Structures are given as structure tokens and as C-alpha cells.
Amino acid sequence: MIRRRVLGVLGGALAFAAALTLAACNQKPASQTATTPKQLTFSILSAENEQSMAPLWTPMLDDMSAQIGVKVKPYFASNYTSLVEAMRFNQVQLGWFSAEPALQAVNRANAEVLGRVIQDTGEATYKSVIIVRKGSGITIDDVLKCGKRYSFGLGDVTSTSGTLAPMAYLFTPKGIEPTKCFKAVRNASHQANVFSVANGVLDVATNNSVGLLFAKRESPKVADKIEVIWTSPPLPESSILVRKDLDPALKEKIRQFFLTYGAGTGPQADKQRAVLKRLTYGGFRPADDSYLDPVREMEASEALAQARRSGDNAKIAAAQAAYDKIHTAAAQRRAVEPDV
């Protein structure tokens, strides 16, 4: 474990302050009744910077505004936690979330999953990766030897692919805590990690398969300087979330917008598919909160590992019971809806 709770508190405090700034003008309780706002704010996670992402998302948000009859504006943030807090304080009503922040929004920000992203290859998953500078000679076996030889870059503390997946699938099963393993550990965006590894600022860093596609398109010379030395099992792709208290009729309009975007034939559909292509998306599919089950299981697995390290039998028993409950429920849902 990398003291996720400590880092999360520090990162969350900064993000919470940013969210409070947003909320100061118009804070509303999560329990309010359904409303039909005159304007909606769509949050976009911080995997890349605003300058890179705004031109990609603006055409889709303009199309959404026209179809649902309500103006939709974007909200970009520098970290994942502030997006969850903005949703919690009703400063954003819908948005694009990666899996772990999406689960946080579902758990504590009055949000629900409306749909899931499909990549332009047709896949509904992506993968966490670990990257090094091409030609460095560093292998994953070298990384796992620890010895505080390398500087290491993780993602945002609430990033699925940047932090949770490499911990759950690689480091925790081997009993490795990055802060004890590497000579320096820092958290940054996927884009920052790509540039840091390519320029020799970091020896090793996490990223994901989608982030590498963006890097190759936006900064091909930089992307050519890195190579992947580890790949995770498939992770749930990003989700579209909305606040539960949004007017049901408007919520259904939003759902239909995403599920039909880029479908069909004709000039309009062709234009929409071009927008999706720039996002490396193939479209959207129906999904509900059960789509986040793999993240629930990874979090429960991490909690169980932390409890075992503590040596406290009561904590271990509680964490084991929580893991078993989540795993059983997820397995039952997969048996009924294996494609979710």
C-alpha cells in the first residue's frame, strides 16, 4: 500500500478547496428534489490538460445542447477528486469519469452511471501500463527488485489505471509499497508522466493504453521515446454519469443522446463519428452502476491487504467479510449480465 489514505487526504484537501470555490455561489444539498436546470455543466476528468481536451469535447457538447434543448458547458479540473466534489455540490450535473472516480461519485456524490464508453476498436475496456524511457534497459523485473534505485511516477491518487490497478494487480500481491521500494515517488497526470519519462525526469511511471494513444497523436516525438514494460488485466472504460436528482425526462434525453450519437447514416451521423474518432471512441453503450464492480473488487482487495499488514485480527476479519460480500455480489451480477 502507498499510504493511499494519507495521500488521498492531502490531495483531497486541495481538491475540496477548489470544489468549495465552485460551490460558494450556488451550493445545493444532495437530497434536493428533481430539477430541470436552464444550463448543465459537464465535467471532464483530468487525464489530459484543458488545452488538449477542450477542442475534442466541445463539438459533442454543442451537439448535446442542440438535441436536449439545454445549454451544456464543460468543466475541466486538474485532479479527479475535485470532479467528484463538484458533482457532490451540484456544480456539475453530468460528466465523463474514469472508473474509480466514477465509483466515488456514485458512493458519495448522488451520481449514477448512464452509459459506458466504447473505444473505436469496439472494446469496452482499457489497460493500465508501466512505462520507461526507450533504450533505458529497465525491465519489470528490475522495477520489482526495489532497492530504491528508480524514481517512480504514479497517477492521481484516485486514478484507476494510474494508481489503483498497478497497486491491486502488481505491487500489493508482491507485498511492495512504492514509497519503500523506490528512491522517489510522485503523483501526476498521465500526460505529465509521459513527458517526465520521455525526458528522463522519471525512470518509471504508470499510464494507460488510452493515454498512450493521446500522447502518440498529440506529441508523437515524445511518445516515441517511451516503451511499455507491464500491462494490467482489462479495466472498465470510462463512464458517463449524471446526478440522480436531475429531472427524469431530461435524464432520458441525455441517455438517448449518448446511445444514439454517431449511429445511423447520413451527413449528421458522419460528422458525429468524426467527433468520436478524435476522442478515439466508437460510441456509447448502456450501463448501470454494476459496470463498476471490478473497481469495487480492487478497492476491497487493497483494503484487505492493508488489514493483513496491520496484523489486527478484527480488522482482517472485517476486511475479509467486506471483500467476500463485494466479490459474491459482483459474481452474481456477472452471471446474470456477463456483458456488463
# chains A, B, ... in the order shown; residues from 1 in each chain; ligands from 1
$ residues_around --residues "Val132 (chain A)" --least-positions-apart "4" --cutoff "7 Å" --atoms "only C-alpha atoms" --output "list in words"
Ile138, Val197, Asp203, Val204, Ala205, Ile226, Glu227 and Val228 of chain A
$ write_last_selection --atoms "C-alpha atoms" --output "compact mmCIF listing (two decimals), in the first residue's frame"
# COMPACT_ATOMS: atom_id res chain seq x y z
CA ILE A 138 14.83 -1.16 -17.33
CA VAL A 197 9.71 9.53 -18.52
CA ASP A 203 12.78 6.45 -14.54
CA VAL A 204 9.46 4.60 -14.40
CA ALA A 205 5.79 5.65 -14.35
CA ILE A 226 8.85 5.56 -24.23
CA GLU A 227 8.09 1.85 -24.06
CA VAL A 228 5.71 -0.33 -22.05
$ residues_around --residues "Ser209 (chain A)" --least-positions-apart "2" --cutoff "6 Å" --atoms "only C-alpha atoms" --output "list of chain:residue names"
A:Lys127, A:Gly211, A:Leu212
$ atom_distance --atom1 "CA of Arg273 (chain A)" --atom2 "CA of Tyr126 (chain A)"
20.2 Å
$ closest_residue --among "A:Val275, A:Ile130, A:Leu241, A:Leu40" --to "Thr58 (chain A)" --atoms "only C-alpha atoms"
A:Val275
$ select_by_dssp --residues "region 107-294 of chain A" --states "alpha helix (DSSP H)" --output "ChimeraX atom specification"
/A:107-108,140-144,165-166,178-181,190-198,209-218,220-223,248-260,267-278,293-294
$ residues_around --residues "Asp288 (chain A)" --least-positions-apart "6" --cutoff "10 Å" --atoms "only C-alpha atoms" --output "PyMOL selection string"
chain A and resi 112-116+239-241+340
$ closest_residue --among "A:Thr260, A:Glu100, A:Ile254, A:Ala300" --to "Leu83 (chain A)" --atoms "only C-alpha atoms"
A:Glu100
$ closest_atom_pairs --of "region 160-269 of chain A" --to "region 119-122 of chain A" --cutoff "12 Å" --atoms "only C-alpha atoms" --output "Markdown table"
| residue | atom | partner | partner_atom | distance |
| --- | --- | --- | --- | --- |
| A:Ser209 | CA | A:Gln119 | CA | 11.0 |
| A:Val210 | CA | A:Gln119 | CA | 9.0 |
| A:Leu213 | CA | A:Gln119 | CA | 11.4 |
| A:Pro236 | CA | A:Gln119 | CA | 11.2 |
| A:Glu237 | CA | A:Gln119 | CA | 8.3 |
| A:Ser238 | CA | A:Gln119 | CA | 9.8 |
| A:Ser239 | CA | A:Gln119 | CA | 11.9 |
| A:Gly262 | CA | A:Asp120 | CA | 11.3 |
$ residues_around --residues "region 326-338 of chain A" --least-positions-apart "3" --cutoff "10 Å" --atoms "only C-alpha atoms" --output "ChimeraX atom specification"
/A:290-294,296-301,320-323
$ write_last_selection --atoms "all heavy atoms" --output "CSV table (one decimal), in the first residue's frame"
chain,number,residue,atom,x,y,z
A,290,SER,N,-23.5,-1.4,-11.8
A,290,SER,CA,-22.8,-2.6,-11.7
A,290,SER,C,-21.5,-2.7,-12.6
A,290,SER,O,-20.7,-3.5,-12.5
A,290,SER,CB,-23.7,-3.8,-12.1
A,290,SER,OG,-24.1,-3.7,-13.4
A,291,TYR,N,-21.5,-1.8,-13.6
A,291,TYR,CA,-20.3,-1.7,-14.5
A,291,TYR,C,-19.0,-1.4,-13.7
A,291,TYR,O,-17.9,-1.7,-14.2
A,291,TYR,CB,-20.6,-0.7,-15.6
A,291,TYR,CG,-19.6,-0.7,-16.7
A,291,TYR,CD1,-19.2,-1.8,-17.4
A,291,TYR,CD2,-18.9,0.5,-17.0
A,291,TYR,CE1,-18.3,-1.8,-18.4
A,291,TYR,CE2,-18.0,0.6,-18.0
A,291,TYR,CZ,-17.7,-0.6,-18.7
A,291,TYR,OH,-16.7,-0.6,-19.7
A,292,LEU,N,-19.2,-0.9,-12.5
A,292,LEU,CA,-18.0,-0.5,-11.7
A,292,LEU,C,-17.6,-1.6,-10.8
A,292,LEU,O,-16.7,-1.4,-9.9
A,292,LEU,CB,-18.3,0.7,-10.9
A,292,LEU,CG,-18.7,2.0,-11.8
A,292,LEU,CD1,-19.1,3.1,-10.9
A,292,LEU,CD2,-17.5,2.4,-12.7
A,293,ASP,N,-18.2,-2.8,-10.9
A,293,ASP,CA,-17.9,-3.9,-10.0
A,293,ASP,C,-16.4,-4.3,-9.9
A,293,ASP,O,-15.8,-4.5,-8.9
A,293,ASP,CB,-18.7,-5.2,-10.3
A,293,ASP,CG,-20.1,-5.1,-9.8
A,293,ASP,OD1,-20.4,-4.3,-8.9
A,293,ASP,OD2,-20.9,-5.9,-10.2
A,294,PRO,N,-15.7,-4.3,-11.1
A,294,PRO,CA,-14.2,-4.6,-11.0
A,294,PRO,C,-13.5,-3.6,-10.1
A,294,PRO,O,-12.5,-4.0,-9.4
A,294,PRO,CB,-13.8,-4.5,-12.4
A,294,PRO,CG,-15.0,-4.8,-13.2
A,294,PRO,CD,-16.1,-4.2,-12.5
A,296,ARG,N,-14.8,-2.0,-7.5
A,296,ARG,CA,-15.2,-2.3,-6.1
A,296,ARG,C,-14.3,-3.5,-5.6
A,296,ARG,O,-13.9,-3.5,-4.5
A,296,ARG,CB,-16.7,-2.7,-6.1
A,296,ARG,CG,-17.7,-1.6,-6.3
A,296,ARG,CD,-19.1,-2.1,-6.2
A,296,ARG,NE,-20.1,-1.0,-6.3
A,296,ARG,CZ,-20.6,-0.6,-7.5
A,296,ARG,NH1,-20.4,-1.3,-8.6
A,296,ARG,NH2,-21.5,0.4,-7.5
A,297,GLU,N,-14.1,-4.5,-6.5
A,297,GLU,CA,-13.3,-5.6,-6.0
A,297,GLU,C,-11.8,-5.2,-5.8
A,297,GLU,O,-11.2,-5.7,-4.9
A,297,GLU,CB,-13.4,-6.7,-7.1
A,297,GLU,CG,-14.8,-7.4,-7.1
A,297,GLU,CD,-14.9,-8.5,-8.1
A,297,GLU,OE1,-15.1,-8.2,-9.3
A,297,GLU,OE2,-14.8,-9.7,-7.7
A,298,MET,N,-11.3,-4.4,-6.7
A,298,MET,CA,-9.9,-4.0,-6.5
A,298,MET,C,-9.8,-3.2,-5.2
A,298,MET,O,-8.8,-3.4,-4.5
A,298,MET,CB,-9.5,-3.1,-7.7
A,298,MET,CG,-9.1,-3.9,-8.9
A,298,MET,SD,-8.2,-2.9,-10.2
A,298,MET,CE,-9.6,-1.9,-10.8
A,299,GLU,N,-10.7,-2.3,-4.9
A,299,GLU,CA,-10.6,-1.5,-3.7
A,299,GLU,C,-10.8,-2.4,-2.5
A,299,GLU,O,-10.0,-2.2,-1.5
A,299,GLU,CB,-11.8,-0.4,-3.7
A,299,GLU,CG,-11.5,0.7,-4.6
A,299,GLU,CD,-12.6,1.8,-4.4
A,299,GLU,OE1,-13.6,1.6,-3.8
A,299,GLU,OE2,-12.3,3.0,-4.9
A,300,ALA,N,-11.7,-3.4,-2.5
A,300,ALA,CA,-11.8,-4.3,-1.4
A,300,ALA,C,-10.6,-5.1,-1.2
A,300,ALA,O,-10.2,-5.4,-0.1
A,300,ALA,CB,-13.0,-5.2,-1.6
A,301,SER,N,-9.9,-5.5,-2.3
A,301,SER,CA,-8.7,-6.3,-2.2
A,301,SER,C,-7.6,-5.5,-1.6
A,301,SER,O,-6.8,-6.0,-0.7
A,301,SER,CB,-8.3,-6.7,-3.6
A,301,SER,OG,-7.0,-7.4,-3.6
A,320,GLN,N,-12.0,-9.0,5.3
A,320,GLN,CA,-12.3,-10.2,4.5
A,320,GLN,C,-13.8,-10.4,4.2
A,320,GLN,O,-14.2,-10.7,3.1
A,320,GLN,CB,-11.8,-11.4,5.3
A,320,GLN,CG,-12.0,-12.8,4.5
A,320,GLN,CD,-11.1,-12.9,3.3
A,320,GLN,OE1,-9.8,-12.8,3.5
A,320,GLN,NE2,-11.7,-13.0,2.1
A,321,ALA,N,-14.6,-10.1,5.3
A,321,ALA,CA,-16.1,-10.2,5.1
A,321,ALA,C,-16.5,-9.2,4.1
A,321,ALA,O,-17.4,-9.5,3.2
A,321,ALA,CB,-16.7,-9.9,6.4
A,322,ALA,N,-16.0,-8.0,4.1
A,322,ALA,CA,-16.4,-6.9,3.1
A,322,ALA,C,-16.0,-7.3,1.7
A,322,ALA,O,-16.8,-7.2,0.7
A,322,ALA,CB,-15.7,-5.6,3.5
A,323,TYR,N,-14.8,-7.9,1.6
A,323,TYR,CA,-14.3,-8.4,0.2
A,323,TYR,C,-15.2,-9.5,-0.3
A,323,TYR,O,-15.6,-9.5,-1.4
A,323,TYR,CB,-12.9,-8.8,0.3
A,323,TYR,CG,-12.4,-9.5,-1.0
A,323,TYR,CD1,-12.0,-8.7,-2.1
A,323,TYR,CD2,-12.5,-10.8,-1.2
A,323,TYR,CE1,-11.6,-9.2,-3.3
A,323,TYR,CE2,-12.1,-11.4,-2.4
A,323,TYR,CZ,-11.7,-10.6,-3.4
A,323,TYR,OH,-11.3,-11.1,-4.7
$ closest_residue --among "A:Ile176, A:Cys181, A:Leu202, A:Met60" --to "Phe152 (chain A)" --atoms "only C-alpha atoms"
A:Leu202
$ residues_around --residues "Thr139 (chain A)" --least-positions-apart "3" --cutoff "8 Å" --atoms "only C-alpha atoms" --output "list in words"
Asp142, Val143 and Ile229 of chain A
$ residues_around --residues "Glu252 (chain A)" --least-positions-apart "5" --cutoff "10 Å" --atoms "only C-alpha atoms" --output "JSON, numbers by chain"
{"A": [68, 114, 246, 247, 257]}
$ closest_residue --among "A:Lys183, A:Arg88, A:Arg255, A:Lys73" --to "Val106 (chain A)" --atoms "only C-alpha atoms"
A:Arg88
$ residues_around --residues "Arg309 (chain A)" --least-positions-apart "3" --cutoff "12 Å" --atoms "only C-alpha atoms" --output "PyMOL selection string"
chain A and resi 1+172-173+175-177+302-306+312-313+315-316+319
$ write_last_selection --atoms "N, CA, C and O atoms" --output "PDB file, in the first residue's frame"
ATOM      1  N   MET A   1       0.846  -1.199   0.000  1.00  0.00           N
ATOM      2  CA  MET A   1       0.000   0.000   0.000  1.00  0.00           C
ATOM      3  C   MET A   1       0.875   1.240   0.000  1.00  0.00           C
ATOM      4  O   MET A   1       1.962   1.231   0.558  1.00  0.00           O
ATOM      5  N   THR A 172       0.776  -4.800  -4.675  1.00  0.00           N
ATOM      6  CA  THR A 172       0.228  -5.380  -3.448  1.00  0.00           C
ATOM      7  C   THR A 172       0.360  -6.898  -3.399  1.00  0.00           C
ATOM      8  O   THR A 172       0.736  -7.453  -2.358  1.00  0.00           O
ATOM      9  N   PRO A 173       0.057  -7.633  -4.487  1.00  0.00           N
ATOM     10  CA  PRO A 173       0.226  -9.096  -4.428  1.00  0.00           C
ATOM     11  C   PRO A 173       1.655  -9.531  -4.126  1.00  0.00           C
ATOM     12  O   PRO A 173       1.872 -10.629  -3.619  1.00  0.00           O
ATOM     13  N   GLY A 175       3.608  -7.712  -2.125  1.00  0.00           N
ATOM     14  CA  GLY A 175       3.985  -7.109  -0.854  1.00  0.00           C
ATOM     15  C   GLY A 175       4.848  -5.873  -0.985  1.00  0.00           C
ATOM     16  O   GLY A 175       5.620  -5.539  -0.076  1.00  0.00           O
ATOM     17  N   ILE A 176       4.719  -5.163  -2.095  1.00  0.00           N
ATOM     18  CA  ILE A 176       5.557  -3.995  -2.355  1.00  0.00           C
ATOM     19  C   ILE A 176       4.796  -2.705  -2.069  1.00  0.00           C
ATOM     20  O   ILE A 176       3.681  -2.514  -2.551  1.00  0.00           O
ATOM     21  N   GLU A 177       5.412  -1.825  -1.273  1.00  0.00           N
ATOM     22  CA  GLU A 177       4.897  -0.483  -1.074  1.00  0.00           C
ATOM     23  C   GLU A 177       5.825   0.474  -1.828  1.00  0.00           C
ATOM     24  O   GLU A 177       7.015   0.567  -1.506  1.00  0.00           O
ATOM     25  N   GLU A 302      -7.496  -4.209  -1.936  1.00  0.00           N
ATOM     26  CA  GLU A 302      -6.494  -3.332  -1.343  1.00  0.00           C
ATOM     27  C   GLU A 302      -6.746  -3.136   0.154  1.00  0.00           C
ATOM     28  O   GLU A 302      -5.821  -3.135   0.964  1.00  0.00           O
ATOM     29  N   ALA A 303      -8.009  -2.973   0.527  1.00  0.00           N
ATOM     30  CA  ALA A 303      -8.358  -2.804   1.940  1.00  0.00           C
ATOM     31  C   ALA A 303      -8.004  -4.053   2.741  1.00  0.00           C
ATOM     32  O   ALA A 303      -7.516  -3.975   3.877  1.00  0.00           O
ATOM     33  N   LEU A 304      -8.238  -5.216   2.140  1.00  0.00           N
ATOM     34  CA  LEU A 304      -7.905  -6.471   2.806  1.00  0.00           C
ATOM     35  C   LEU A 304      -6.393  -6.610   2.983  1.00  0.00           C
ATOM     36  O   LEU A 304      -5.913  -7.030   4.045  1.00  0.00           O
ATOM     37  N   ALA A 305      -5.639  -6.228   1.969  1.00  0.00           N
ATOM     38  CA  ALA A 305      -4.178  -6.300   2.061  1.00  0.00           C
ATOM     39  C   ALA A 305      -3.661  -5.374   3.162  1.00  0.00           C
ATOM     40  O   ALA A 305      -2.746  -5.729   3.918  1.00  0.00           O
ATOM     41  N   GLN A 306      -4.248  -4.189   3.255  1.00  0.00           N
ATOM     42  CA  GLN A 306      -3.840  -3.247   4.295  1.00  0.00           C
ATOM     43  C   GLN A 306      -4.157  -3.802   5.681  1.00  0.00           C
ATOM     44  O   GLN A 306      -3.351  -3.682   6.617  1.00  0.00           O
ATOM     45  N   ASP A 312      -3.924  -6.902  12.757  1.00  0.00           N
ATOM     46  CA  ASP A 312      -5.082  -6.818  13.645  1.00  0.00           C
ATOM     47  C   ASP A 312      -6.140  -7.814  13.165  1.00  0.00           C
ATOM     48  O   ASP A 312      -6.736  -7.634  12.095  1.00  0.00           O
ATOM     49  N   ASN A 313      -6.383  -8.851  13.944  1.00  0.00           N
ATOM     50  CA  ASN A 313      -7.304  -9.906  13.516  1.00  0.00           C
ATOM     51  C   ASN A 313      -8.716  -9.397  13.280  1.00  0.00           C
ATOM     52  O   ASN A 313      -9.418  -9.864  12.371  1.00  0.00           O
ATOM     53  N   LYS A 315      -9.593  -6.358  12.276  1.00  0.00           N
ATOM     54  CA  LYS A 315      -9.589  -5.624  11.014  1.00  0.00           C
ATOM     55  C   LYS A 315      -9.528  -6.578   9.823  1.00  0.00           C
ATOM     56  O   LYS A 315     -10.186  -6.362   8.809  1.00  0.00           O
ATOM     57  N   ILE A 316      -8.738  -7.619   9.984  1.00  0.00           N
ATOM     58  CA  ILE A 316      -8.613  -8.605   8.899  1.00  0.00           C
ATOM     59  C   ILE A 316      -9.953  -9.284   8.655  1.00  0.00           C
ATOM     60  O   ILE A 316     -10.383  -9.447   7.507  1.00  0.00           O
ATOM     61  N   ALA A 319     -12.355  -6.834   6.962  1.00  0.00           N
ATOM     62  CA  ALA A 319     -11.982  -6.587   5.567  1.00  0.00           C
ATOM     63  C   ALA A 319     -12.265  -7.811   4.697  1.00  0.00           C
ATOM     64  O   ALA A 319     -12.695  -7.674   3.548  1.00  0.00           O
TER      65      ALA A 319
END
